[in-house]
Structures are given as C-alpha cells and as structure tokens.
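Written out below as structure tokens is the structure these notes cover.
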Amino acid sequence: MKDRFYITTSIAYTNSVPHVGFALELVQADVIARYQRILGKDVLFLTGTDEHGAKIVKAAEKAGKNVSDFTDEMSLKFKELAKILDISNDDFIRTTDEKRHWPTVENIWKKLESQGDIYKKKYKGLYCVGCESFVKEKDLVNGECLIHHQKPEEVQEDNYFFKLSKYADKVKSSLDKEEIKIIPSPRRNEILSFIEQGIEDISCSRSKENLKWGIPVPGDDEQIIYIWFEALINYISALESSGRSDFWPADIHCIGKDIFRFHSLLWPAMLIAIGSKVPKSIFVHGYITSNGEKMSKSLGNVIDPFELVKKYGLDPVRYYLLREFSPTEDGGFTYEKFEDRYNSDLAKGLGNLVSRVLKLLEKVEAGSGSDLDSDIKKAKLNCERLLGELKFNEALASIWSLIGSCDKYIETVKPWENTEKKKEEIGSLIKAIGEIEVLLRPFLPKTAEKIKEQLKRKKAEPLFPRI
RNA sequence: GCCGGCGUAGCUCAGUGGUAGAGCAAUGCCUUCAUAAGGCAGUGGUCACAAGUCCGAAUCUUGUCGCCGGCACCA
C-alpha cells in the first residue's frame, strides 16, 4: 500500500477577497503535494475557508449583504483562486458547512468537556463599545481606548475555558523532540520561549451577544465557540466527513506567520487532549509586501492574484512566487521584478532554450548522446534535495543552472554545423530538456506538459512570448 | 523595556578563521541554431560603524547605530 501524505494550507479568512499572499501559500503547498504524488505517495491536499467571527459579520454589513450570502460569495472566490492557479487540492472545507465541519467540532467539544478539559469560568475584561471587543490594559492611554477615546467598561461574562495550561508541557516536549517539526527553526525557538514564559488557560467561547456568527456551544445556547478553537478542527473534520480519517496526522500544515502560534501550541494541545496525534510538521511562510509595507486596502497597495494571472498567465505567476521569494521570509512584490524574471528566466532562459533545441530537432533526428549527463544528474540531485527542504527558490535555481549548461553546450558544439556528431549532440540536448520537463512538473505543471508535447511532436512553439 | 534575527556589488541574496562570490541589471567583444535569443570578458563592494582576540576576521568577542520579528485569545 502506498504511503499516505496529508498536506493542508490554512483555511483562508473570508472577510475579504483573496490577496496574493494566500496565492503564495496555495502555490507552495501545491508544489509539495505534486512532488509527493510524483514520489508515489497517496496524497490528500486540503484547503478551504474560515468563515465565522465578528469581523465577517461586519464585512458583510459593510457590503450590504446577508452574512450567509456574503461568505458563500467569498468562499467561492477562494475556490476560484485555487482553480486559476492550477492548485491540485483534493478537497475544500468550509467552517460554515454544518454537515461536514460542525459534527466533528461538536464531538470534540463534548469529549473535552466530559473529561474536564473545558470548564466554565467568569471572564473579567475591559470592553470597548467602539471597538466592539475586549481591549487590553497595556493598550490603553490614560485608561482610554486610543481609537475611540473613551473609557472601556469592565464587563464580566461567563466563558468556557480550555485547559491549555495542562497540556503546554506536553506540547513543549513534542516540539523539543521534533515530533512536531517547525520550519524554519527560528520559529520553533520563538514558540518554545513563549511556552516557557508560562501558559494560562484560554477562553474558547464567546457570549452570543458579542458573537452571533459561529458554531453554538453544545448544550449552551448562550455561547458560541471561539473561532480559533473551531477553525483549527477543519483539518480533522474534512477527513472525518469524507471517511479518510486514516490520513491523520497531517504531514504538513502550510501557514502564514500570523497564525503560527495557534498551530504550534493551541492545536497540538487540543489534539493531545483528545488523544490524537500531533501534526508532523508546520511550515511557516513569509509575507509578500508591496512597496515595503504589508498589503492593505487603506494603503491601496494590494496585489490582486486574479489580475496577475489574467495579465501574465498562470505559470509565470507560479514561477515568480516560487522563485523570487525566500520561502520563509518576507519579500517585496514589484511588477518590475516580475517582468524581469519573466523575460530573463522564462522567455530568454527556458523558453528560448526549448525553442532553439526543438528547431534543431525539426531538421535532424536525435541520436543518443550523453554529453550533458553529469549536469543533468547534478541538477536532479540538487533539485530533489532542495525541494525536500522546501527551498522552492533554490530548487528552481538548480533547474535553471541546467538550462545554463545547455546554452553553454550549444555554444561549444554548434550542433547546427554539419558534423558527424550532430545527432548525438542533439540527443544530449533532448535528454536534458526531457529532464528539465520532469523537474518542472511540481512547479510549472502546464509548462512541463507543453514541453513534453512539443518534444513528442518535434515541433517548437514559444512557451513564453517576451514582454 | 526584555528576548531573538538581520545589516556583504545598483537590486535579490550565498558565504561561520586563510588572498571578497552568484543571479539579475549595466559595459565591451564573439556568435547567429533560437523568442532582437546565446557565449566570453571586464566593471562594480574600506563585507553598517568602532574597538578587541588571533600570524590572519565578512566570519569569534564587546560596544554603537539602523531595520525586522516575538513578548497570548488578533482569523
């Protein structure tokens, strides 16, 4: 039986349309998923949308829509994004799905409550009416909320709490022993030192007054399950509701750094509490910045992934996201860089090489050459190693170094000249192109297909017209 | 404030004790099979700054400056 491999992205929050940051997460996860399939694993690749919470209610109101319609619409946008990026996800889960997501959430809640890991406690906090949320003492100036310049009220409400403190040590030991591997490792140190500071129990419900849009606490109509507590469970509810529970534990959760803590502390704690296994690894990618700042609507620097694909095509977008950024660090997006990459790497690099070799092949039959074998082997080994380390940018660079070797080789042997070796030389090149095609499959599946097709038909057609 | 990271060619970065590197951009030469594509060569950096250890430091230590991340319920 094939080894199973379960990979997830985070579930995207549907308070707004998708931005290019989530596109990055999807594409990175997709490369991993495709690569694992190539390795022969039985892969399950999940993505989806996180649709509850006060922010969503607010966003829907602002859009003048009913919350349910609003989230349907937004969720669809994320589904479309995955489609236009050629993401190979096998499933798509929504937290508003009462048939698929809710039962698992309710069962886990009941289990935790029955074993005493969820309990009711009075929560005292400062509530700012303007913010419509609890505020922290340290954020106040002269006892007033900075945004609304008013004193928050002291509010007491009953909330359910999860005994996070009870499981923190166990989570820490999982992290220490790398049962949960955090990539990149500085994040691991970050969470470890955070745990060492001491962990308190976490509230896992909100009163219905403050939060209407969510999953009700089983057996208590006055409370709604806290968004995070419920959202994380998607990774399991998607499996249970489709009869694929044996895929757990996840091999890798791909997430952004903003939600790192929930995944590396709360989630493992919940899993340990219900007697389940913890995820094997958590991969934390960086942010894409625009003009040196985090993208936001108010700054007007948001990059729309749909427009990118429409303007440049699918694979150039995938290529840019994977090649330009260091996978775990922030990187700035600029159209100038994008077009530089496109022209130098795709048009003049890969595209031109395939084109010149295939033009030669149109005229002469290829023999069997092995002049480029050592370059091919080197590229293959480097690419596989780097892909295993999730260094997508460097893995691509290793493929491009093979492209460079091919260009140098052509310059040296001049296979267009009539010599006896011509056939073998072209054969060497065809072998290299064939390997490039194979190596590109996880990254640029459509382009790989095109190359394969052109090799088969021995007919050159431009892959990436210069812009 | 505390903890951690970073500061190397115009840009993106590699380089953990032994004569400064790659890719892109820019320049010159060669070439024409190819998407006005390709190859070669040069240019380009007091490796943030200062002091120290060492025969020798981008690389180790200390200090200064600058940037970034974390310091729980924010999806």
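Labels used: A, B, ... for chains in the order of the structure tokens, numbers from 1 for residues in each chain, and numbers from 1 for ligands as shown.
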From a DSSP pass on the backbone, collect the residues of region 237-298 of chain A flagged as strand (DSSP E or B) and hand them back as a VMD selection string. chain A and resid 252 to 256 281 to 285 288 to 290 293 to 294
With N, CA and C atoms kept, could you save the residues just selected as a PDB file, in the first residue's frame?
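Contents of part-v5.pdb, freshly written:
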ATOM      1  N   ILE A 252       2.042  17.881   6.914  1.00  0.00           N
ATOM      2  CA  ILE A 252       2.469  19.280   6.952  1.00  0.00           C
ATOM      3  C   ILE A 252       1.286  20.244   6.873  1.00  0.00           C
ATOM      4  N   HIS A 253       1.331  21.221   7.776  1.00  0.00           N
ATOM      5  CA  HIS A 253       0.403  22.351   7.700  1.00  0.00           C
ATOM      6  C   HIS A 253       1.172  23.540   7.140  1.00  0.00           C
ATOM      7  N   CYS A 254       0.714  24.081   6.022  1.00  0.00           N
ATOM      8  CA  CYS A 254       1.350  25.289   5.478  1.00  0.00           C
ATOM      9  C   CYS A 254       0.566  26.499   5.951  1.00  0.00           C
ATOM     10  N   ILE A 255       1.250  27.408   6.622  1.00  0.00           N
ATOM     11  CA  ILE A 255       0.551  28.563   7.202  1.00  0.00           C
ATOM     12  C   ILE A 255       1.400  29.831   7.104  1.00  0.00           C
ATOM     13  N   GLY A 256       0.773  30.952   7.413  1.00  0.00           N
ATOM     14  CA  GLY A 256       1.488  32.229   7.495  1.00  0.00           C
ATOM     15  C   GLY A 256       1.917  32.478   8.922  1.00  0.00           C
ATOM     16  N   SER A 281       4.654  18.238  10.814  1.00  0.00           N
ATOM     17  CA  SER A 281       5.427  19.459  10.596  1.00  0.00           C
ATOM     18  C   SER A 281       4.531  20.651  10.298  1.00  0.00           C
ATOM     19  N   ILE A 282       5.065  21.812  10.604  1.00  0.00           N
ATOM     20  CA  ILE A 282       4.373  23.067  10.335  1.00  0.00           C
ATOM     21  C   ILE A 282       5.336  23.954   9.568  1.00  0.00           C
ATOM     22  N   PHE A 283       4.900  24.349   8.393  1.00  0.00           N
ATOM     23  CA  PHE A 283       5.745  25.171   7.533  1.00  0.00           C
ATOM     24  C   PHE A 283       5.205  26.606   7.525  1.00  0.00           C
ATOM     25  N   VAL A 284       6.043  27.527   7.957  1.00  0.00           N
ATOM     26  CA  VAL A 284       5.593  28.918   8.104  1.00  0.00           C
ATOM     27  C   VAL A 284       6.221  29.792   7.014  1.00  0.00           C
ATOM     28  N   HIS A 285       5.414  30.267   6.116  1.00  0.00           N
ATOM     29  CA  HIS A 285       5.961  31.112   5.044  1.00  0.00           C
ATOM     30  C   HIS A 285       5.960  32.589   5.452  1.00  0.00           C
ATOM     31  N   ILE A 288       4.158  38.613   1.625  1.00  0.00           N
ATOM     32  CA  ILE A 288       4.531  39.388   0.457  1.00  0.00           C
ATOM     33  C   ILE A 288       4.183  40.835   0.755  1.00  0.00           C
ATOM     34  N   THR A 289       5.178  41.671   0.667  1.00  0.00           N
ATOM     35  CA  THR A 289       4.933  43.092   0.929  1.00  0.00           C
ATOM     36  C   THR A 289       4.863  43.835  -0.395  1.00  0.00           C
ATOM     37  N   SER A 290       4.283  44.996  -0.317  1.00  0.00           N
ATOM     38  CA  SER A 290       4.139  45.810  -1.517  1.00  0.00           C
ATOM     39  C   SER A 290       4.608  47.213  -1.170  1.00  0.00           C
ATOM     40  N   GLU A 293       5.611  47.647   2.440  1.00  0.00           N
ATOM     41  CA  GLU A 293       4.663  47.577   3.536  1.00  0.00           C
ATOM     42  C   GLU A 293       3.716  46.399   3.367  1.00  0.00           C
ATOM     43  N   LYS A 294       3.131  46.024   4.462  1.00  0.00           N
ATOM     44  CA  LYS A 294       2.147  44.964   4.413  1.00  0.00           C
ATOM     45  C   LYS A 294       0.984  45.438   3.545  1.00  0.00           C
TER      46      LYS A 294
END
Near G17 (chain B), within 10 Å and counting only C-alpha atoms (C1' of nucleotides), which residues show up once chain neighbours fewer than 6 positions away are dropped, as a PyMOL selection string? chain B and resi 54+56-57+59-60
Could those selected residues go to a file with C-alpha atoms (C1' of nucleotides), as a short mmCIF file (atom, residue, chain, number, x, y, z; two decimals), in the first residue's frame?
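Result file follows (part_4.cif):
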data_model
loop_
_atom_site.label_atom_id
_atom_site.label_comp_id
_atom_site.auth_asym_id
_atom_site.auth_seq_id
_atom_site.Cartn_x
_atom_site.Cartn_y
_atom_site.Cartn_z
"C1'" C B 54 44.43 35.92 16.54
"C1'" G B 56 45.39 36.11 9.89
"C1'" A B 57 38.12 38.19 10.77
"C1'" U B 59 33.32 35.00 9.56
"C1'" C B 60 34.86 34.96 17.01
#
Using only C-alpha atoms (C1' of nucleotides), select each residue of chain A with any atom at most 8 Å away from an atom of chain B, and give the selection as number ranges by chain. A: 13, 50, 53, 190, 194, 202-203, 227-228, 324, 340, 344, 347-348, 351-353, 355-357, 359-360, 407-408, 411, 414-416, 462, 464-466
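CA of Leu46 (chain A) to CA of Ser75 (chain A) spans 14.3 Å [interatomic distance, one decimal].
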By how many Å are CA of Ile93 (chain A) and CA of Ile215 (chain A) apart? 15.2 Å
Option closest in space to Phe262 (chain A), from A:Glu230, A:Asp158, A:Lys177, A:Gly404 [counting only C-alpha atoms]: A:Glu230
Could you give me, as an MDAnalysis selection string, the residues within 12 Å of A58 (chain B), counting only C-alpha atoms (C1' of nucleotides) and dropping anything in the same chain fewer than 2 positions from it? chainID B and resid 7:8 15:17 20:21 45 47:48 60
Pull C-alpha atoms (C1' of nucleotides) from the residues just selected and write them as a PDB file, in the first residue's frame.
ATOM      1  C1'   G B   7      22.801  44.891   8.105  1.00  0.00           C
ATOM      2  C1'   U B   8      28.060  41.759   2.004  1.00  0.00           C
ATOM      3  C1'   G B  15      29.421  32.818   2.017  1.00  0.00           C
ATOM      4  C1'   U B  16      30.878  30.708  10.331  1.00  0.00           C
ATOM      5  C1'   G B  17      39.146  31.997  10.669  1.00  0.00           C
ATOM      6  C1'   A B  20      35.718  39.086  -1.348  1.00  0.00           C
ATOM      7  C1'   G B  21      31.004  35.274  -4.512  1.00  0.00           C
ATOM      8  C1'   G B  45      31.893  46.171  -2.525  1.00  0.00           C
ATOM      9  C1'   C B  47      31.597  42.774   3.840  1.00  0.00           C
ATOM     10  C1'   A B  48      26.778  49.015   8.841  1.00  0.00           C
ATOM     11  C1'   C B  60      34.859  34.956  17.011  1.00  0.00           C
TER      12        C B  60
END
Find the spatial neighbours of region 98-113 of chain A, counting only C-alpha atoms (C1' of nucleotides), within a cut-off of 9 Å - ignore same-chain residues fewer than 2 positions away - and output them as an MDAnalysis selection string. chainID A and resid 93:96 115:119 162 215:218 229:231 233:234 236:238 240:242 270 273:274
Please dump the current selection as a compact mmCIF listing (two decimals), in the first residue's frame; keep N, CA and C atoms.
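Written file, again-v6.txt:
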# COMPACT_ATOMS: atom_id res chain seq x y z
N ILE A 93 -12.71 22.61 2.39
CA ILE A 93 -13.62 22.58 3.54
C ILE A 93 -14.04 24.00 3.94
N ARG A 94 -15.28 24.13 4.37
CA ARG A 94 -15.77 25.43 4.84
C ARG A 94 -16.25 25.28 6.28
N THR A 95 -15.88 26.23 7.11
CA THR A 95 -16.28 26.11 8.52
C THR A 95 -17.77 26.37 8.72
N THR A 96 -18.43 26.91 7.71
CA THR A 96 -19.88 27.09 7.81
C THR A 96 -20.63 25.84 7.34
N GLN A 115 -14.36 15.27 29.85
CA GLN A 115 -13.16 14.87 30.60
C GLN A 115 -12.59 16.03 31.42
N GLY A 116 -13.34 17.13 31.48
CA GLY A 116 -12.96 18.23 32.35
C GLY A 116 -11.93 19.19 31.78
N ASP A 117 -11.65 19.08 30.50
CA ASP A 117 -10.67 19.99 29.91
C ASP A 117 -11.29 21.28 29.40
N ILE A 118 -12.61 21.29 29.35
CA ILE A 118 -13.31 22.55 29.09
C ILE A 118 -14.19 22.82 30.30
N TYR A 119 -14.07 24.01 30.85
CA TYR A 119 -14.84 24.35 32.04
C TYR A 119 -15.30 25.80 31.95
N PHE A 162 -10.49 26.40 27.95
CA PHE A 162 -9.82 25.15 27.64
C PHE A 162 -8.54 25.08 28.48
N ILE A 215 -20.39 28.67 15.60
CA ILE A 215 -20.97 27.39 15.99
C ILE A 215 -21.37 27.44 17.46
N PRO A 216 -22.64 27.15 17.77
CA PRO A 216 -23.10 27.22 19.16
C PRO A 216 -22.39 26.16 20.01
N VAL A 217 -22.14 26.53 21.27
CA VAL A 217 -21.60 25.56 22.21
C VAL A 217 -22.65 24.48 22.44
N PRO A 218 -22.28 23.21 22.31
CA PRO A 218 -23.25 22.14 22.52
C PRO A 218 -23.84 22.25 23.94
N PHE A 229 -10.73 28.05 18.08
CA PHE A 229 -10.91 26.72 18.65
C PHE A 229 -11.62 25.80 17.66
N GLU A 230 -12.49 26.42 16.91
CA GLU A 230 -13.31 25.66 15.98
C GLU A 230 -12.63 25.54 14.61
N ALA A 231 -11.98 26.62 14.20
CA ALA A 231 -11.39 26.64 12.85
C ALA A 231 -10.29 25.59 12.69
N ILE A 233 -10.02 22.82 13.84
CA ILE A 233 -10.55 21.46 13.71
C ILE A 233 -10.85 21.09 12.25
N ASN A 234 -10.85 22.08 11.37
CA ASN A 234 -11.13 21.78 9.96
C ASN A 234 -10.21 20.69 9.40
N ILE A 236 -9.29 18.10 10.70
CA ILE A 236 -9.79 16.78 11.03
C ILE A 236 -11.22 16.57 10.51
N SER A 237 -12.02 17.63 10.59
CA SER A 237 -13.41 17.45 10.17
C SER A 237 -13.48 17.11 8.67
N ALA A 238 -12.56 17.68 7.91
CA ALA A 238 -12.55 17.38 6.47
C ALA A 238 -12.26 15.90 6.23
N GLU A 240 -12.81 13.36 8.58
CA GLU A 240 -13.90 12.53 9.14
C GLU A 240 -15.13 12.54 8.26
N SER A 241 -15.43 13.71 7.71
CA SER A 241 -16.66 13.81 6.93
C SER A 241 -16.52 13.18 5.55
N SER A 242 -15.32 12.76 5.21
CA SER A 242 -15.17 12.12 3.90
C SER A 242 -14.60 10.71 4.05
N MET A 270 -4.88 20.75 21.81
CA MET A 270 -6.22 20.18 21.60
C MET A 270 -6.11 18.71 21.17
N ALA A 273 -5.08 16.49 23.94
CA ALA A 273 -6.19 16.35 24.88
C ALA A 273 -7.21 15.32 24.41
N ILE A 274 -7.46 15.26 23.11
CA ILE A 274 -8.44 14.27 22.64
C ILE A 274 -7.78 12.94 22.31
List every residue of region 170-350 of chain A that DSSP, applied to the backbone of this structure, places in helix (DSSP H, G or I), and write the result as a PyMOL selection string. chain A and resi 170-176+185-196+227-231+234-240+245-247+257-273+305-312+314-324+335-350
Take the residues just selected and output them with C-alpha atoms as a compact mmCIF listing (two decimals), in the first residue's frame.
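Ended up saving to result.txt:
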# COMPACT_ATOMS: atom_id res chain seq x y z
CA LYS A 170 3.39 18.05 26.52
CA VAL A 171 3.31 20.35 23.54
CA LYS A 172 6.70 21.68 24.52
CA SER A 173 8.15 18.22 24.68
CA SER A 174 6.70 17.42 21.23
CA LEU A 175 8.41 20.50 19.91
CA ASP A 176 11.64 19.71 21.72
CA SER A 185 13.64 26.60 13.02
CA PRO A 186 13.80 30.15 14.47
CA ARG A 187 10.03 29.91 14.79
CA ARG A 188 10.49 26.85 16.93
CA ASN A 189 12.65 28.77 19.37
CA GLU A 190 10.09 31.53 19.37
CA ILE A 191 7.27 29.27 20.45
CA LEU A 192 9.43 27.40 22.95
CA SER A 193 10.43 30.58 24.73
CA PHE A 194 6.82 31.66 24.65
CA ILE A 195 5.74 28.46 26.38
CA GLU A 196 8.49 28.85 28.93
CA ILE A 227 -13.36 31.00 16.17
CA TRP A 228 -9.87 29.63 16.52
CA PHE A 229 -10.91 26.72 18.65
CA GLU A 230 -13.31 25.66 15.98
CA ALA A 231 -11.39 26.64 12.85
CA ASN A 234 -11.13 21.78 9.96
CA TYR A 235 -8.03 19.70 9.40
CA ILE A 236 -9.79 16.78 11.03
CA SER A 237 -13.41 17.45 10.17
CA ALA A 238 -12.55 17.38 6.47
CA LEU A 239 -11.11 13.90 6.94
CA GLU A 240 -13.90 12.53 9.14
CA SER A 245 -9.55 9.73 8.97
CA ASP A 246 -6.63 7.41 8.38
CA PHE A 247 -4.79 10.29 6.75
CA LYS A 257 3.42 33.57 10.40
CA ASP A 258 0.44 35.44 11.84
CA ILE A 259 -1.31 32.24 12.80
CA PHE A 260 1.77 30.35 13.77
CA ARG A 261 1.09 30.29 17.49
CA PHE A 262 -2.35 28.79 17.17
CA HIS A 263 -0.93 25.98 15.12
CA SER A 264 2.09 25.24 17.23
CA LEU A 265 0.53 25.49 20.67
CA LEU A 266 -3.26 25.53 20.83
CA TRP A 267 -3.79 22.98 18.06
CA PRO A 268 -1.30 20.39 19.34
CA ALA A 269 -2.71 20.86 22.84
CA MET A 270 -6.22 20.18 21.60
CA LEU A 271 -5.02 17.10 19.75
CA ILE A 272 -3.13 15.73 22.72
CA ALA A 273 -6.19 16.35 24.88
CA PRO A 305 -3.75 37.49 -7.85
CA PHE A 306 -6.61 37.23 -10.35
CA GLU A 307 -5.34 40.23 -12.26
CA LEU A 308 -1.80 38.88 -12.23
CA VAL A 309 -2.84 35.61 -13.79
CA LYS A 310 -5.02 37.40 -16.29
CA LYS A 311 -2.20 39.70 -17.30
CA TYR A 312 0.76 37.32 -17.36
CA LEU A 314 -0.69 31.05 -14.84
CA ASP A 315 2.82 29.64 -14.83
CA PRO A 316 4.63 32.98 -14.80
CA VAL A 317 2.74 33.80 -11.62
CA ARG A 318 3.57 30.45 -10.07
CA TYR A 319 7.18 30.84 -11.15
CA TYR A 320 7.53 34.31 -9.73
CA LEU A 321 6.01 33.42 -6.37
CA LEU A 322 8.23 30.38 -6.01
CA ARG A 323 11.45 31.77 -7.45
CA GLU A 324 11.61 35.36 -6.26
CA TYR A 335 5.77 44.48 -11.28
CA GLU A 336 9.22 45.48 -12.47
CA LYS A 337 10.81 42.47 -10.79
CA PHE A 338 8.05 40.29 -12.07
CA GLU A 339 8.68 41.31 -15.65
CA ASP A 340 12.44 41.00 -15.21
CA ARG A 341 12.02 37.44 -14.02
CA TYR A 342 9.61 36.71 -16.78
CA ASN A 343 11.86 37.93 -19.54
CA SER A 344 15.22 36.74 -18.29
CA ASP A 345 14.25 33.38 -16.80
CA LEU A 346 11.16 32.28 -18.68
CA ALA A 347 11.35 33.90 -22.12
CA LYS A 348 15.09 34.15 -22.68
CA GLY A 349 16.04 31.26 -20.42
CA LEU A 350 13.71 28.29 -20.50
Proximity to Asp91 (chain A) - best of A:His19, A:Lys121, A:Lys378, A:Arg244, only C-alpha atoms: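 Distance minimum relative to Asp91 (chain A) lands on A:Arg244.
Take CA of Lys423 (chain A) and CA of Leu444 (chain A): the distance between them is 29.3 Å.
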Selection: 7 Å around Pro442 (chain A), only C-alpha atoms (C1' of nucleotides), excl. self and same-chain fewer than 6 positions, as a list of chain:residue names: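 In the requested format, the answer is A:Val31, A:Arg34, A:Tyr35.
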Would you write out those residues with N, CA and C atoms, as a compact mmCIF listing (two decimals), in the first residue's frame?
# COMPACT_ATOMS: atom_id res chain seq x y z
N VAL A 31 3.08 22.72 -4.78
CA VAL A 31 4.36 22.14 -5.22
C VAL A 31 4.68 20.91 -4.36
N ARG A 34 2.23 18.04 -5.29
CA ARG A 34 2.54 17.43 -6.59
C ARG A 34 3.82 16.60 -6.51
N TYR A 35 4.78 17.13 -5.78
CA TYR A 35 6.04 16.40 -5.66
C TYR A 35 5.84 15.08 -4.92
